[in-house]
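*Asks:* Have a peek at input.pdb (PDB, C-alpha atoms).
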ATOM      1  CA  MET A   1    -102.011 -41.293  61.377  1.00  0.00           C
ATOM      2  CA  THR A   2     -98.348 -41.387  62.376  1.00  0.00           C
ATOM      3  CA  LYS A   3     -96.414 -38.261  61.375  1.00  0.00           C
ATOM      4  CA  VAL A   4     -92.675 -38.526  60.713  1.00  0.00           C
ATOM      5  CA  ALA A   5     -90.577 -35.376  60.276  1.00  0.00           C
ATOM      6  CA  ILE A   6     -87.649 -35.841  57.895  1.00  0.00           C
ATOM      7  CA  VAL A   7     -85.213 -32.996  58.572  1.00  0.00           C
ATOM      8  CA  TYR A   8     -82.359 -32.894  56.092  1.00  0.00           C
ATOM      9  CA  HIS A   9     -79.838 -30.808  54.201  1.00  0.00           C
ATOM     10  CA  SER A  10     -78.769 -31.609  50.653  1.00  0.00           C
ATOM     11  CA  GLY A  11     -75.953 -29.706  49.025  1.00  0.00           C
ATOM     12  CA  TYR A  12     -76.088 -31.214  45.536  1.00  0.00           C
ATOM     13  CA  GLY A  13     -79.407 -33.080  45.449  1.00  0.00           C
ATOM     14  CA  HIS A  14     -78.215 -36.597  46.271  1.00  0.00           C
ATOM     15  CA  THR A  15     -79.242 -36.448  49.935  1.00  0.00           C
ATOM     16  CA  ALA A  16     -82.624 -35.055  48.818  1.00  0.00           C
ATOM     17  CA  VAL A  17     -83.100 -38.209  46.715  1.00  0.00           C
ATOM     18  CA  VAL A  18     -82.432 -40.292  49.832  1.00  0.00           C
ATOM     19  CA  ALA A  19     -84.836 -38.119  51.900  1.00  0.00           C
ATOM     20  CA  GLU A  20     -87.552 -38.648  49.297  1.00  0.00           C
ATOM     21  CA  ALA A  21     -86.978 -42.416  49.466  1.00  0.00           C
ATOM     22  CA  VAL A  22     -87.282 -42.258  53.281  1.00  0.00           C
ATOM     23  CA  ALA A  23     -90.593 -40.418  52.806  1.00  0.00           C
ATOM     24  CA  GLU A  24     -91.790 -43.152  50.416  1.00  0.00           C
ATOM     25  CA  GLY A  25     -91.034 -45.717  53.119  1.00  0.00           C
ATOM     26  CA  VAL A  26     -93.016 -43.737  55.688  1.00  0.00           C
ATOM     27  CA  LYS A  27     -95.964 -43.694  53.254  1.00  0.00           C
ATOM     28  CA  ARG A  28     -95.532 -47.417  52.555  1.00  0.00           C
ATOM     29  CA  ALA A  29     -96.056 -48.013  56.293  1.00  0.00           C
ATOM     30  CA  GLY A  30     -99.211 -45.889  56.316  1.00  0.00           C
ATOM     31  CA  GLY A  31     -97.566 -42.842  57.904  1.00  0.00           C
ATOM     32  CA  THR A  32     -97.433 -39.219  56.867  1.00  0.00           C
ATOM     33  CA  PRO A  33     -93.966 -37.861  56.022  1.00  0.00           C
ATOM     34  CA  ASP A  34     -93.118 -34.203  56.562  1.00  0.00           C
ATOM     35  CA  LEU A  35     -90.065 -33.395  54.411  1.00  0.00           C
ATOM     36  CA  ILE A  36     -88.208 -30.423  55.914  1.00  0.00           C
ATOM     37  CA  ARG A  37     -85.286 -29.301  53.770  1.00  0.00           C
ATOM     38  CA  LEU A  38     -82.718 -27.080  55.481  1.00  0.00           C
ATOM     39  CA  GLU A  39     -81.166 -24.537  53.146  1.00  0.00           C
ATOM     40  CA  SER A  40     -78.535 -22.710  55.214  1.00  0.00           C
ATOM     41  CA  ALA A  41     -77.010 -22.361  58.651  1.00  0.00           C
ATOM     42  CA  SER A  42     -78.455 -18.865  59.016  1.00  0.00           C
ATOM     43  CA  GLN A  43     -82.084 -19.603  58.229  1.00  0.00           C
ATOM     44  CA  ASP A  44     -84.928 -19.341  60.732  1.00  0.00           C
ATOM     45  CA  PHE A  45     -85.184 -22.841  62.188  1.00  0.00           C
ATOM     46  CA  GLY A  46     -88.398 -22.089  64.095  1.00  0.00           C
ATOM     47  CA  PRO A  47     -90.782 -23.829  61.666  1.00  0.00           C
ATOM     48  CA  ALA A  48     -88.526 -26.894  61.408  1.00  0.00           C
ATOM     49  CA  LEU A  49     -88.186 -27.139  65.191  1.00  0.00           C
ATOM     50  CA  GLU A  50     -91.966 -26.850  65.565  1.00  0.00           C
ATOM     51  CA  ALA A  51     -92.510 -29.558  62.942  1.00  0.00           C
ATOM     52  CA  VAL A  52     -90.218 -31.975  64.788  1.00  0.00           C
ATOM     53  CA  THR A  53     -91.950 -31.179  68.075  1.00  0.00           C
ATOM     54  CA  ALA A  54     -95.360 -31.898  66.514  1.00  0.00           C
ATOM     55  CA  ALA A  55     -94.255 -35.155  64.836  1.00  0.00           C
ATOM     56  CA  ASP A  56     -94.405 -38.643  66.332  1.00  0.00           C
ATOM     57  CA  ALA A  57     -90.855 -39.361  65.122  1.00  0.00           C
ATOM     58  CA  VAL A  58     -87.972 -37.658  63.338  1.00  0.00           C
ATOM     59  CA  ILE A  59     -85.389 -38.853  60.838  1.00  0.00           C
ATOM     60  CA  PHE A  60     -82.324 -36.650  60.387  1.00  0.00           C
ATOM     61  CA  GLY A  61     -80.386 -36.562  57.114  1.00  0.00           C
ATOM     62  CA  ALA A  62     -77.269 -34.864  55.799  1.00  0.00           C
ATOM     63  CA  PRO A  63     -74.453 -35.389  53.377  1.00  0.00           C
ATOM     64  CA  THR A  64     -71.158 -36.336  54.949  1.00  0.00           C
ATOM     65  CA  TYR A  65     -68.802 -33.390  54.509  1.00  0.00           C
ATOM     66  CA  MET A  66     -65.303 -33.687  55.919  1.00  0.00           C
ATOM     67  CA  GLY A  67     -66.380 -36.701  57.997  1.00  0.00           C
ATOM     68  CA  ASP A  68     -69.386 -35.128  59.717  1.00  0.00           C
ATOM     69  CA  VAL A  69     -72.867 -33.639  59.193  1.00  0.00           C
ATOM     70  CA  SER A  70     -73.117 -30.606  56.947  1.00  0.00           C
ATOM     71  CA  VAL A  71     -73.223 -27.154  58.563  1.00  0.00           C
ATOM     72  CA  PRO A  72     -76.972 -26.481  58.048  1.00  0.00           C
ATOM     73  CA  LEU A  73     -77.909 -29.630  59.990  1.00  0.00           C
ATOM     74  CA  ARG A  74     -75.318 -28.824  62.671  1.00  0.00           C
ATOM     75  CA  ALA A  75     -76.842 -25.337  63.029  1.00  0.00           C
ATOM     76  CA  PHE A  76     -80.310 -26.893  63.308  1.00  0.00           C
ATOM     77  CA  PHE A  77     -79.009 -29.150  66.083  1.00  0.00           C
ATOM     78  CA  GLU A  78     -77.652 -26.143  67.957  1.00  0.00           C
ATOM     79  CA  ALA A  79     -80.938 -24.287  67.446  1.00  0.00           C
ATOM     80  CA  SER A  80     -82.703 -27.113  69.286  1.00  0.00           C
ATOM     81  CA  SER A  81     -81.031 -26.193  72.607  1.00  0.00           C
ATOM     82  CA  LYS A  82     -84.126 -24.489  74.069  1.00  0.00           C
ATOM     83  CA  ILE A  83     -86.141 -27.614  73.345  1.00  0.00           C
ATOM     84  CA  TRP A  84     -83.383 -29.650  74.998  1.00  0.00           C
ATOM     85  CA  MET A  85     -83.610 -27.439  78.106  1.00  0.00           C
ATOM     86  CA  SER A  86     -87.323 -28.207  78.470  1.00  0.00           C
ATOM     87  CA  GLY A  87     -87.074 -31.900  77.517  1.00  0.00           C
ATOM     88  CA  GLY A  88     -89.418 -31.265  74.599  1.00  0.00           C
ATOM     89  CA  TRP A  89     -88.168 -34.128  72.455  1.00  0.00           C
ATOM     90  CA  LYS A  90     -87.611 -36.632  75.269  1.00  0.00           C
ATOM     91  CA  ASP A  91     -88.807 -40.127  74.291  1.00  0.00           C
ATOM     92  CA  LYS A  92     -89.426 -39.088  70.653  1.00  0.00           C
ATOM     93  CA  LEU A  93     -88.328 -41.781  68.192  1.00  0.00           C
ATOM     94  CA  ALA A  94     -85.377 -40.824  65.947  1.00  0.00           C
ATOM     95  CA  GLY A  95     -83.238 -42.246  63.157  1.00  0.00           C
ATOM     96  CA  GLY A  96     -80.809 -40.945  60.550  1.00  0.00           C
ATOM     97  CA  PHE A  97     -79.262 -41.196  57.094  1.00  0.00           C
ATOM     98  CA  THR A  98     -76.294 -39.821  55.202  1.00  0.00           C
ATOM     99  CA  ASN A  99     -74.902 -39.799  51.682  1.00  0.00           C
ATOM    100  CA  GLY A 100     -71.461 -39.203  50.247  1.00  0.00           C
ATOM    101  CA  LEU A 101     -69.141 -39.891  47.345  1.00  0.00           C
ATOM    102  CA  THR A 102     -67.000 -42.643  48.863  1.00  0.00           C
ATOM    103  CA  PHE A 103     -67.953 -45.912  50.535  1.00  0.00           C
ATOM    104  CA  GLY A 104     -66.186 -44.819  53.727  1.00  0.00           C
ATOM    105  CA  GLY A 105     -65.461 -41.149  54.238  1.00  0.00           C
ATOM    106  CA  ASN A 106     -66.320 -41.450  57.935  1.00  0.00           C
ATOM    107  CA  LYS A 107     -70.030 -41.613  57.193  1.00  0.00           C
ATOM    108  CA  ASP A 108     -70.412 -43.632  60.386  1.00  0.00           C
ATOM    109  CA  HIS A 109     -69.261 -40.512  62.258  1.00  0.00           C
ATOM    110  CA  THR A 110     -72.018 -38.483  60.585  1.00  0.00           C
ATOM    111  CA  ILE A 111     -74.637 -40.978  61.798  1.00  0.00           C
ATOM    112  CA  THR A 112     -73.005 -40.981  65.237  1.00  0.00           C
ATOM    113  CA  SER A 113     -73.333 -37.173  65.396  1.00  0.00           C
ATOM    114  CA  MET A 114     -77.061 -37.555  64.750  1.00  0.00           C
ATOM    115  CA  TRP A 115     -77.303 -40.307  67.359  1.00  0.00           C
ATOM    116  CA  VAL A 116     -75.476 -38.209  69.975  1.00  0.00           C
ATOM    117  CA  LEU A 117     -77.860 -35.287  69.377  1.00  0.00           C
ATOM    118  CA  ALA A 118     -80.802 -37.670  69.818  1.00  0.00           C
ATOM    119  CA  MET A 119     -79.297 -39.061  73.017  1.00  0.00           C
ATOM    120  CA  GLN A 120     -78.699 -35.531  74.345  1.00  0.00           C
ATOM    121  CA  HIS A 121     -82.415 -34.897  73.880  1.00  0.00           C
ATOM    122  CA  GLY A 122     -83.353 -38.193  75.552  1.00  0.00           C
ATOM    123  CA  MET A 123     -84.794 -39.511  72.301  1.00  0.00           C
ATOM    124  CA  LEU A 124     -85.116 -43.193  71.360  1.00  0.00           C
ATOM    125  CA  TRP A 125     -82.842 -44.105  68.427  1.00  0.00           C
ATOM    126  CA  ALA A 126     -83.787 -46.813  65.944  1.00  0.00           C
ATOM    127  CA  GLY A 127     -81.411 -48.092  63.303  1.00  0.00           C
ATOM    128  CA  PRO A 128     -82.616 -49.489  59.997  1.00  0.00           C
ATOM    129  CA  GLY A 129     -82.794 -53.118  61.151  1.00  0.00           C
ATOM    130  CA  VAL A 130     -81.696 -54.343  57.719  1.00  0.00           C
ATOM    131  CA  PRO A 131     -79.099 -57.127  57.378  1.00  0.00           C
ATOM    132  CA  LEU A 132     -75.857 -56.382  55.554  1.00  0.00           C
ATOM    133  CA  GLY A 133     -76.328 -56.352  51.783  1.00  0.00           C
ATOM    134  CA  ASN A 134     -74.008 -59.277  51.234  1.00  0.00           C
ATOM    135  CA  MET A 135     -75.861 -61.364  53.849  1.00  0.00           C
ATOM    136  CA  ALA A 136     -79.192 -61.399  51.996  1.00  0.00           C
ATOM    137  CA  GLY A 137     -78.215 -63.842  49.242  1.00  0.00           C
ATOM    138  CA  ASN A 138     -76.035 -61.269  47.492  1.00  0.00           C
ATOM    139  CA  SER A 139     -72.351 -61.980  47.942  1.00  0.00           C
ATOM    140  CA  THR A 140     -71.239 -58.972  45.897  1.00  0.00           C
ATOM    141  CA  SER A 141     -73.022 -56.099  47.675  1.00  0.00           C
ATOM    142  CA  ALA A 142     -74.083 -54.838  44.253  1.00  0.00           C
ATOM    143  CA  PRO A 143     -75.756 -51.430  43.824  1.00  0.00           C
ATOM    144  CA  GLU A 144     -79.206 -53.059  43.898  1.00  0.00           C
ATOM    145  CA  ALA A 145     -78.625 -54.524  47.392  1.00  0.00           C
ATOM    146  CA  ALA A 146     -80.143 -52.688  50.353  1.00  0.00           C
ATOM    147  CA  ASN A 147     -77.485 -51.956  52.996  1.00  0.00           C
ATOM    148  CA  ARG A 148     -74.694 -52.841  50.577  1.00  0.00           C
ATOM    149  CA  ILE A 149     -72.217 -50.746  52.594  1.00  0.00           C
ATOM    150  CA  GLY A 150     -73.157 -52.455  55.850  1.00  0.00           C
ATOM    151  CA  SER A 151     -74.567 -50.086  58.470  1.00  0.00           C
ATOM    152  CA  ALA A 152     -76.610 -50.930  61.563  1.00  0.00           C
ATOM    153  CA  LEU A 153     -76.703 -47.479  63.223  1.00  0.00           C
ATOM    154  CA  GLY A 154     -78.361 -45.601  60.345  1.00  0.00           C
ATOM    155  CA  VAL A 155     -78.754 -45.547  56.591  1.00  0.00           C
ATOM    156  CA  ILE A 156     -75.474 -44.941  54.773  1.00  0.00           C
ATOM    157  CA  THR A 157     -75.656 -44.380  51.029  1.00  0.00           C
ATOM    158  CA  GLN A 158     -73.123 -43.637  48.319  1.00  0.00           C
ATOM    159  CA  SER A 159     -73.436 -41.517  45.199  1.00  0.00           C
ATOM    160  CA  ASP A 160     -71.066 -41.531  42.268  1.00  0.00           C
ATOM    161  CA  ASN A 161     -69.778 -38.276  40.817  1.00  0.00           C
ATOM    162  CA  ALA A 162     -72.906 -37.831  38.694  1.00  0.00           C
ATOM    163  CA  GLY A 163     -76.237 -36.052  38.995  1.00  0.00           C
ATOM    164  CA  PRO A 164     -78.929 -37.010  41.513  1.00  0.00           C
ATOM    165  CA  ASP A 165     -81.094 -38.248  38.637  1.00  0.00           C
ATOM    166  CA  VAL A 166     -78.561 -41.080  38.197  1.00  0.00           C
ATOM    167  CA  THR A 167     -77.168 -41.803  41.660  1.00  0.00           C
ATOM    168  CA  PRO A 168     -77.450 -43.066  44.443  1.00  0.00           C
ATOM    169  CA  PRO A 169     -78.325 -46.530  43.143  1.00  0.00           C
ATOM    170  CA  ALA A 170     -81.573 -48.453  43.591  1.00  0.00           C
ATOM    171  CA  GLY A 171     -80.380 -50.517  46.556  1.00  0.00           C
ATOM    172  CA  ASP A 172     -79.439 -47.407  48.534  1.00  0.00           C
ATOM    173  CA  LYS A 173     -82.853 -45.868  47.841  1.00  0.00           C
ATOM    174  CA  GLU A 174     -84.574 -49.067  48.975  1.00  0.00           C
ATOM    175  CA  PHE A 175     -82.435 -49.062  52.141  1.00  0.00           C
ATOM    176  CA  ALA A 176     -83.720 -45.528  52.824  1.00  0.00           C
ATOM    177  CA  ARG A 177     -87.324 -46.618  52.181  1.00  0.00           C
ATOM    178  CA  LEU A 178     -86.866 -49.450  54.683  1.00  0.00           C
ATOM    179  CA  LEU A 179     -85.699 -46.972  57.346  1.00  0.00           C
ATOM    180  CA  GLY A 180     -88.727 -44.738  56.753  1.00  0.00           C
ATOM    181  CA  GLU A 181     -91.019 -47.749  56.892  1.00  0.00           C
ATOM    182  CA  ARG A 182     -89.463 -49.048  60.124  1.00  0.00           C
ATOM    183  CA  ILE A 183     -89.552 -45.684  61.917  1.00  0.00           C
ATOM    184  CA  ALA A 184     -93.201 -45.126  60.912  1.00  0.00           C
ATOM    185  CA  LYS A 185     -94.202 -48.609  62.107  1.00  0.00           C
ATOM    186  CA  LEU A 186     -92.334 -48.222  65.400  1.00  0.00           C
ATOM    187  CA  ALA A 187     -93.832 -44.784  65.988  1.00  0.00           C
ATOM    188  CA  ALA A 188     -97.326 -46.143  65.324  1.00  0.00           C
ATOM    189  CA  ARG A 189     -96.870 -48.645  68.158  1.00  0.00           C
TER     190      ARG A 189
END
Please render this file's structure as structure tokens.

*Replies:*
Amino acid sequence: MTKVAIVYHSGYGHTAVVAEAVAEGVKRAGGTPDLIRLESASQDFGPALEAVTAADAVIFGAPTYMGDVSVPLRAFFEASSKIWMSGGWKDKLAGGFTNGLTFGGNKDHTITSMWVLAMQHGMLWAGPGVPLGNMAGNSTSAPEAANRIGSALGVITQSDNAGPDVTPPAGDKEFARLLGERIAKLAAR
């Protein structure tokens, strides 16, 4: 069975909701998700690094803070340098997701940071492969539309200033499920 590591940080719970939706998508494709929540920049990243190494694919996730990945994910990236030196993740499939309060907020830069890390490792990046939300018969990009914000590089979601039990909306969660499903299917090939 295809194993997909989902390495993420969630400061307020919203990104965790997205990570759980990604995991549902992996399961929907017949894969096994391994949710790895990062808690701080000073934690021992050894188990998380080992989990990514053992997985068939990895999906990175973080909230967008100040236009980039949150510090715990950045620290995890830096902790992967020994693996980079040995080429340990070369040719591993990767993807990414982010969440934030605004529709913009430079979330594309957060996904690009994940992509650059993957490229540094020689990984193979896969975007969500989902058409823009307003292209799929929905001219309003309503909250129930997958990819309502319009991202091809990774999954970008938006949460209102409310608890993670309320937001992000259904379409953003489905967009995350579709990424998990796609990565699991590609990894199984």

*Asks:* Need the neighbours of (-81.8, -36.7, 48.0): which residues are at most 12 Å away, counting all atoms listed in the file, as a compact mmCIF listing (two decimals) with C-alpha atoms, in the frame of the given file?

*Replies:*
# COMPACT_ATOMS: atom_id res chain seq x y z
CA ILE A 6 -87.65 -35.84 57.90
CA VAL A 7 -85.21 -33.00 58.57
CA TYR A 8 -82.36 -32.89 56.09
CA HIS A 9 -79.84 -30.81 54.20
CA SER A 10 -78.77 -31.61 50.65
CA GLY A 11 -75.95 -29.71 49.02
CA TYR A 12 -76.09 -31.21 45.54
CA GLY A 13 -79.41 -33.08 45.45
CA HIS A 14 -78.22 -36.60 46.27
CA THR A 15 -79.24 -36.45 49.94
CA ALA A 16 -82.62 -35.06 48.82
CA VAL A 17 -83.10 -38.21 46.72
CA VAL A 18 -82.43 -40.29 49.83
CA ALA A 19 -84.84 -38.12 51.90
CA GLU A 20 -87.55 -38.65 49.30
CA ALA A 21 -86.98 -42.42 49.47
CA VAL A 22 -87.28 -42.26 53.28
CA ALA A 23 -90.59 -40.42 52.81
CA LEU A 35 -90.06 -33.40 54.41
CA ILE A 36 -88.21 -30.42 55.91
CA ARG A 37 -85.29 -29.30 53.77
CA GLY A 61 -80.39 -36.56 57.11
CA ALA A 62 -77.27 -34.86 55.80
CA PRO A 63 -74.45 -35.39 53.38
CA PHE A 97 -79.26 -41.20 57.09
CA THR A 98 -76.29 -39.82 55.20
CA ASN A 99 -74.90 -39.80 51.68
CA GLY A 100 -71.46 -39.20 50.25
CA THR A 157 -75.66 -44.38 51.03
CA GLN A 158 -73.12 -43.64 48.32
CA SER A 159 -73.44 -41.52 45.20
CA GLY A 163 -76.24 -36.05 38.99
CA PRO A 164 -78.93 -37.01 41.51
CA ASP A 165 -81.09 -38.25 38.64
CA VAL A 166 -78.56 -41.08 38.20
CA THR A 167 -77.17 -41.80 41.66
CA PRO A 168 -77.45 -43.07 44.44
CA PRO A 169 -78.32 -46.53 43.14
CA ASP A 172 -79.44 -47.41 48.53
CA LYS A 173 -82.85 -45.87 47.84
CA ALA A 176 -83.72 -45.53 52.82

*Asks:* Where does the PyMOL selection byres ((chain A and resi 73-78) around 8) land in this file, that is, which residues does it pick, as a list in words?

*Replies:* Tyr8, His9, Leu38, Ala41, Ser42, Phe45, Gly61, Ala62, Val69, Ser70, Val71, Pro72, Ala79, Ser80, Ser81 and Leu117 of chain A

*Asks:* Quote the spacing between atom CA of A:Ala126 and atom CA of A:Phe103 in Å to one decimal place.

*Replies:* 22.1 Å

*Asks:* Which value, in Å to one decimal, gives the distance between atom CA of A:His109 and atom CA of A:Thr64?

*Replies:*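 Those two atoms sit 8.6 Å apart.
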
*Asks:* Grab all the atoms of stretch 8-16 of chain A that the file lists, wrap them in a box along x, y and z, add 8 Å per side, and give me centre plus edge lengths in Å (one decimal) as JSON.

*Replies:*
{"center_x": -79.3, "center_y": -33.2, "center_z": 50.8, "size_x": 22.7, "size_y": 22.9, "size_z": 26.6}

*Asks:* Could you state the separation of atom CA of A:Trp115 and atom CA of A:Asn161 in Å, given to one decimal place?

*Replies:*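 Rounded to one decimal, the two atoms are 27.7 Å apart.
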
*Asks:* Counting all atoms listed in the file, which residue out of A:Thr2, A:Leu49, A:Ala94, A:Asp56 sits closest to A:Lys27?

*Replies:*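 Distance minimum relative to A:Lys27 lands on A:Thr2.
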
*Asks:* Find the residue from A:Glu24, A:Arg177, A:Ala5, A:Lys82 that sits nearest to A:Ala48; use all atoms listed in the file when measuring.

*Replies:*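 Answer, going by the shortest atom-to-atom distance: A:Ala5.
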